[in-house]
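S.K.: Here's a structure for you.
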Amino acid sequence: MSRIAYVNGRYVPHNDAMVHVEDRGYQFADGVYEVAAVIGGKLIDEDPHLDRLDRSLRELRIAAPMARPALKVVMREIVRRNRLKTGLVYLQVTRGVARRDHPFPKNATPALVVTAKRLSMPGQKAVEDGVKIITIPDIRWERCDIKTVALLPNVLGKQKARESGAFEAWQVRDGQVTEGTSTNAWIITRDGELVTREASNAILNGITRLTILKLAKQEGLHFSERSFSVEEARLAREAFISSATSFVTPVTQVDDQVIGNGKAGSFTLKLREVYQNYMMSEGATA
Ligand SMILES: Cc1ncc(COP(=O)(O)O)c(C=O)c1O
């Protein structure tokens, strides 16, 4: 079945989904995006994703392309038309199309694109083997809290990871891990404390991150939102990454250091299960 995309008011075959060459997203990376998981045909954490989209738009002074209820209709329609059961919905808003000039255009209308992508869940062995992480300098700007489409440092970091046989790169600023190139970073210390960096301009406050923290609280787990160094990560008992795309994915190697016994740890696997149960219940009730 062919994929369908939504582009500025029209549902079109994915292959015909085009934006103008003078779209400011293309010219200046002047735009923001969101990615939400779809499980059982239902969007996971839809409102938190739309809250973050509103915040990103506000920070860049881009008008909302449509009111939230209408946007929800479009997102659901994209899920329906693509017969998406397990996958991702991607939405992107740019400042619109205007003659190329740096200042904000006076009369541009924000451009909206919504697309869908299927996702297959990794098998049990892949989950237990975990993934390898490399560490790289964080060369990004000072507003990493805004989910902009300006992702060049993230692209270069991810490519470096892949060329090093790793799945993800943890970016490091002042000796402290900020986050992955498309995921948040977590460790479990030798004392059994779950640690992820506090929300600030230095990281994207992941929706998955926020849900994991909420679930950790509900489960009575000992956690702390604070910075951690590469050294602390190397010495950690367990580590993992989180995102709408990767959920809770165990990390079993950081640079040349094997974490724990080189297999996913029990704390991480438990959290992955708790998170997956949450997604299934969200999917069932949404
Ligand atoms: C830089 C960065 N950090 C963290 C995340 C995780 O965010 P979320 O859990 O909302 O997917 C992403 C997701 O794309 C990201 O790009």
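We label chains A, B, ... in the order they appear in the structure tokens, count residues from 1 in each chain, and number ligands from 1 in the order shown.
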What are the nearest atom pairs, with distances in Å to one decimal, for all residues of chain A that come at most 8 Å from ligand 1, using only C-alpha atoms and all ligand atoms, set out by chain and rising residue number as CSV?

M.R.:
residue,atom,partner,partner_atom_place_in_ligand_line,distance
A:Glu34,CA,ligand 1,14 (O),7.6
A:Val35,CA,ligand 1,11 (O),6.4
A:Ala36,CA,ligand 1,11 (O),7.0
A:His49,CA,ligand 1,10 (O),7.1
A:Cys144,CA,ligand 1,1 (C),7.2
A:Lys147,CA,ligand 1,16 (O),7.1
A:Asn154,CA,ligand 1,1 (C),7.1
A:Glu179,CA,ligand 1,3 (N),6.0
A:Gly180,CA,ligand 1,3 (N),5.9
A:Thr181,CA,ligand 1,1 (C),4.8
A:Ser182,CA,ligand 1,16 (O),3.4
A:Thr183,CA,ligand 1,4 (C),3.8
A:Asn184,CA,ligand 1,4 (C),4.4
A:Ile203,CA,ligand 1,3 (N),6.3
A:Leu204,CA,ligand 1,3 (N),4.7
A:Asn205,CA,ligand 1,7 (O),6.4
A:Gly206,CA,ligand 1,7 (O),3.4
A:Ile207,CA,ligand 1,10 (O),3.8
A:Thr208,CA,ligand 1,9 (O),3.7
A:Arg209,CA,ligand 1,9 (O),5.5
A:Leu210,CA,ligand 1,9 (O),7.7
A:Ser242,CA,ligand 1,9 (O),5.9
A:Ser243,CA,ligand 1,9 (O),3.5
A:Ala244,CA,ligand 1,11 (O),3.7
A:Thr245,CA,ligand 1,11 (O),6.3
A:Phe247,CA,ligand 1,9 (O),7.6

S.K.: Can you tell me which residues surround range 214-229 of chain A at a distance of at most 10 Å, considering only C-alpha atoms, apart from same-chain residues fewer than 2 positions away, and format the answer as a ChimeraX atom specification?

M.R.: /A:172-178,185-188,191-199,208-212,231-235,267,271,274-275,278

S.K.: Just N, CA and C atoms for this one: save the residues we selected as a short mmCIF file (atom, residue, chain, number, x, y, z; two decimals), in the first residue's frame.

M.R.:
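In the end it all went to selection-v8.cif:
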data_model
loop_
_atom_site.label_atom_id
_atom_site.label_comp_id
_atom_site.auth_asym_id
_atom_site.auth_seq_id
_atom_site.Cartn_x
_atom_site.Cartn_y
_atom_site.Cartn_z
N VAL A 172 29.29 15.36 24.61
CA VAL A 172 29.93 15.70 25.88
C VAL A 172 30.31 17.17 25.89
N ARG A 173 29.87 17.87 26.94
CA ARG A 173 30.20 19.28 27.10
C ARG A 173 30.79 19.45 28.49
N ASP A 174 31.95 20.08 28.60
CA ASP A 174 32.64 20.27 29.90
C ASP A 174 32.78 18.95 30.66
N GLY A 175 33.08 17.90 29.94
CA GLY A 175 33.32 16.60 30.60
C GLY A 175 32.05 15.86 30.98
N GLN A 176 30.89 16.51 30.81
CA GLN A 176 29.62 15.91 31.21
C GLN A 176 28.82 15.51 29.97
N VAL A 177 28.17 14.35 30.06
CA VAL A 177 27.32 13.89 28.95
C VAL A 177 26.08 14.79 28.90
N THR A 178 25.77 15.32 27.70
CA THR A 178 24.50 16.05 27.57
C THR A 178 23.41 15.06 27.16
N ALA A 185 20.20 10.32 27.44
CA ALA A 185 21.18 9.38 27.99
C ALA A 185 20.89 9.11 29.47
N TRP A 186 21.03 7.86 29.87
CA TRP A 186 20.73 7.43 31.24
C TRP A 186 21.81 6.47 31.73
N ILE A 187 22.07 6.51 33.03
CA ILE A 187 22.89 5.46 33.64
C ILE A 187 22.23 4.99 34.94
N ILE A 188 22.63 3.81 35.36
CA ILE A 188 22.28 3.32 36.70
C ILE A 188 23.61 3.12 37.41
N ASP A 191 25.43 2.28 42.93
CA ASP A 191 24.54 2.31 44.11
C ASP A 191 23.08 2.08 43.74
N GLY A 192 22.83 1.82 42.46
CA GLY A 192 21.46 1.55 42.03
C GLY A 192 20.61 2.79 41.82
N GLU A 193 21.29 3.94 41.60
CA GLU A 193 20.54 5.17 41.35
C GLU A 193 20.37 5.39 39.85
N LEU A 194 19.12 5.65 39.44
CA LEU A 194 18.83 5.96 38.04
C LEU A 194 19.14 7.44 37.82
N VAL A 195 19.98 7.74 36.83
CA VAL A 195 20.43 9.13 36.63
C VAL A 195 20.25 9.55 35.18
N THR A 196 19.66 10.73 34.98
CA THR A 196 19.64 11.36 33.66
C THR A 196 19.83 12.85 33.87
N ARG A 197 20.39 13.50 32.88
CA ARG A 197 20.70 14.92 33.04
C ARG A 197 19.43 15.75 33.25
N GLU A 198 19.54 16.78 34.07
CA GLU A 198 18.37 17.64 34.33
C GLU A 198 17.98 18.39 33.05
N ALA A 199 16.71 18.73 32.93
CA ALA A 199 16.25 19.49 31.76
C ALA A 199 16.81 20.90 31.84
N THR A 208 9.76 10.84 26.04
CA THR A 208 10.00 9.50 26.60
C THR A 208 10.71 9.64 27.95
N ARG A 209 11.68 10.56 28.02
CA ARG A 209 12.40 10.85 29.27
C ARG A 209 11.40 11.21 30.38
N LEU A 210 10.47 12.12 30.06
CA LEU A 210 9.50 12.58 31.07
C LEU A 210 8.60 11.43 31.51
N THR A 211 8.19 10.61 30.56
CA THR A 211 7.31 9.48 30.92
C THR A 211 8.07 8.47 31.77
N ILE A 212 9.34 8.21 31.42
CA ILE A 212 10.13 7.26 32.21
C ILE A 212 10.28 7.78 33.64
N GLU A 231 33.33 9.46 32.69
CA GLU A 231 33.95 8.51 33.61
C GLU A 231 32.88 7.76 34.42
N GLU A 232 31.89 8.54 34.89
CA GLU A 232 30.82 7.92 35.66
C GLU A 232 30.03 6.93 34.80
N ALA A 233 29.83 7.30 33.53
CA ALA A 233 29.12 6.40 32.62
C ALA A 233 29.92 5.11 32.41
N ARG A 234 31.23 5.26 32.28
CA ARG A 234 32.08 4.08 32.06
C ARG A 234 32.03 3.12 33.25
N LEU A 235 31.85 3.71 34.45
CA LEU A 235 31.84 2.90 35.67
C LEU A 235 30.43 2.43 36.05
N PHE A 267 17.77 -3.84 35.72
CA PHE A 267 17.06 -2.58 35.98
C PHE A 267 16.53 -2.02 34.66
N LEU A 271 12.69 -1.50 33.35
CA LEU A 271 12.16 -0.20 32.91
C LEU A 271 11.60 -0.29 31.49
N VAL A 274 8.25 -1.85 31.82
CA VAL A 274 7.27 -0.91 32.41
C VAL A 274 6.86 0.11 31.35
N TYR A 275 7.86 0.59 30.58
CA TYR A 275 7.56 1.58 29.55
C TYR A 275 6.69 0.97 28.45
N TYR A 278 3.22 0.68 29.59
CA TYR A 278 2.61 2.01 29.55
C TYR A 278 2.13 2.31 28.12
#

S.K.: For a test of reading the model, state the distance in Å between CA of Ala5 in chain A and CA of Thr115 in chain A, rounded to one decimal.

M.R.: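 Those two atoms sit 4.8 Å apart.
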
S.K.: Among range 14-129 of chain A, which residues does DSSP mark as helix (DSSP H, G or I) when it is run on the backbone? Keep the chain and numbering as in the structure and answer as an MDAnalysis selection string.

M.R.: chainID A and resid 14:16 24:28 46:60 68:81 124:129

S.K.: Might you pull out every residue within 6 Å of range 50-56 of chain A, with only C-alpha atoms counted and same-chain residues fewer than 3 positions away left off, and present them as a PyMOL selection string?

M.R.: chain A and resi 47+59+146

S.K.: I'd like the neighbourhood of Pro65 in chain A as a list in words, where a residue qualifies if any of its atoms comes within 8 Å (using only C-alpha atoms), though same-chain residues fewer than 4 positions away should be ignored.

M.R.: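 Everything that qualifies: Val93, Thr109, Pro110, Ala111 and Leu112 of chain A.
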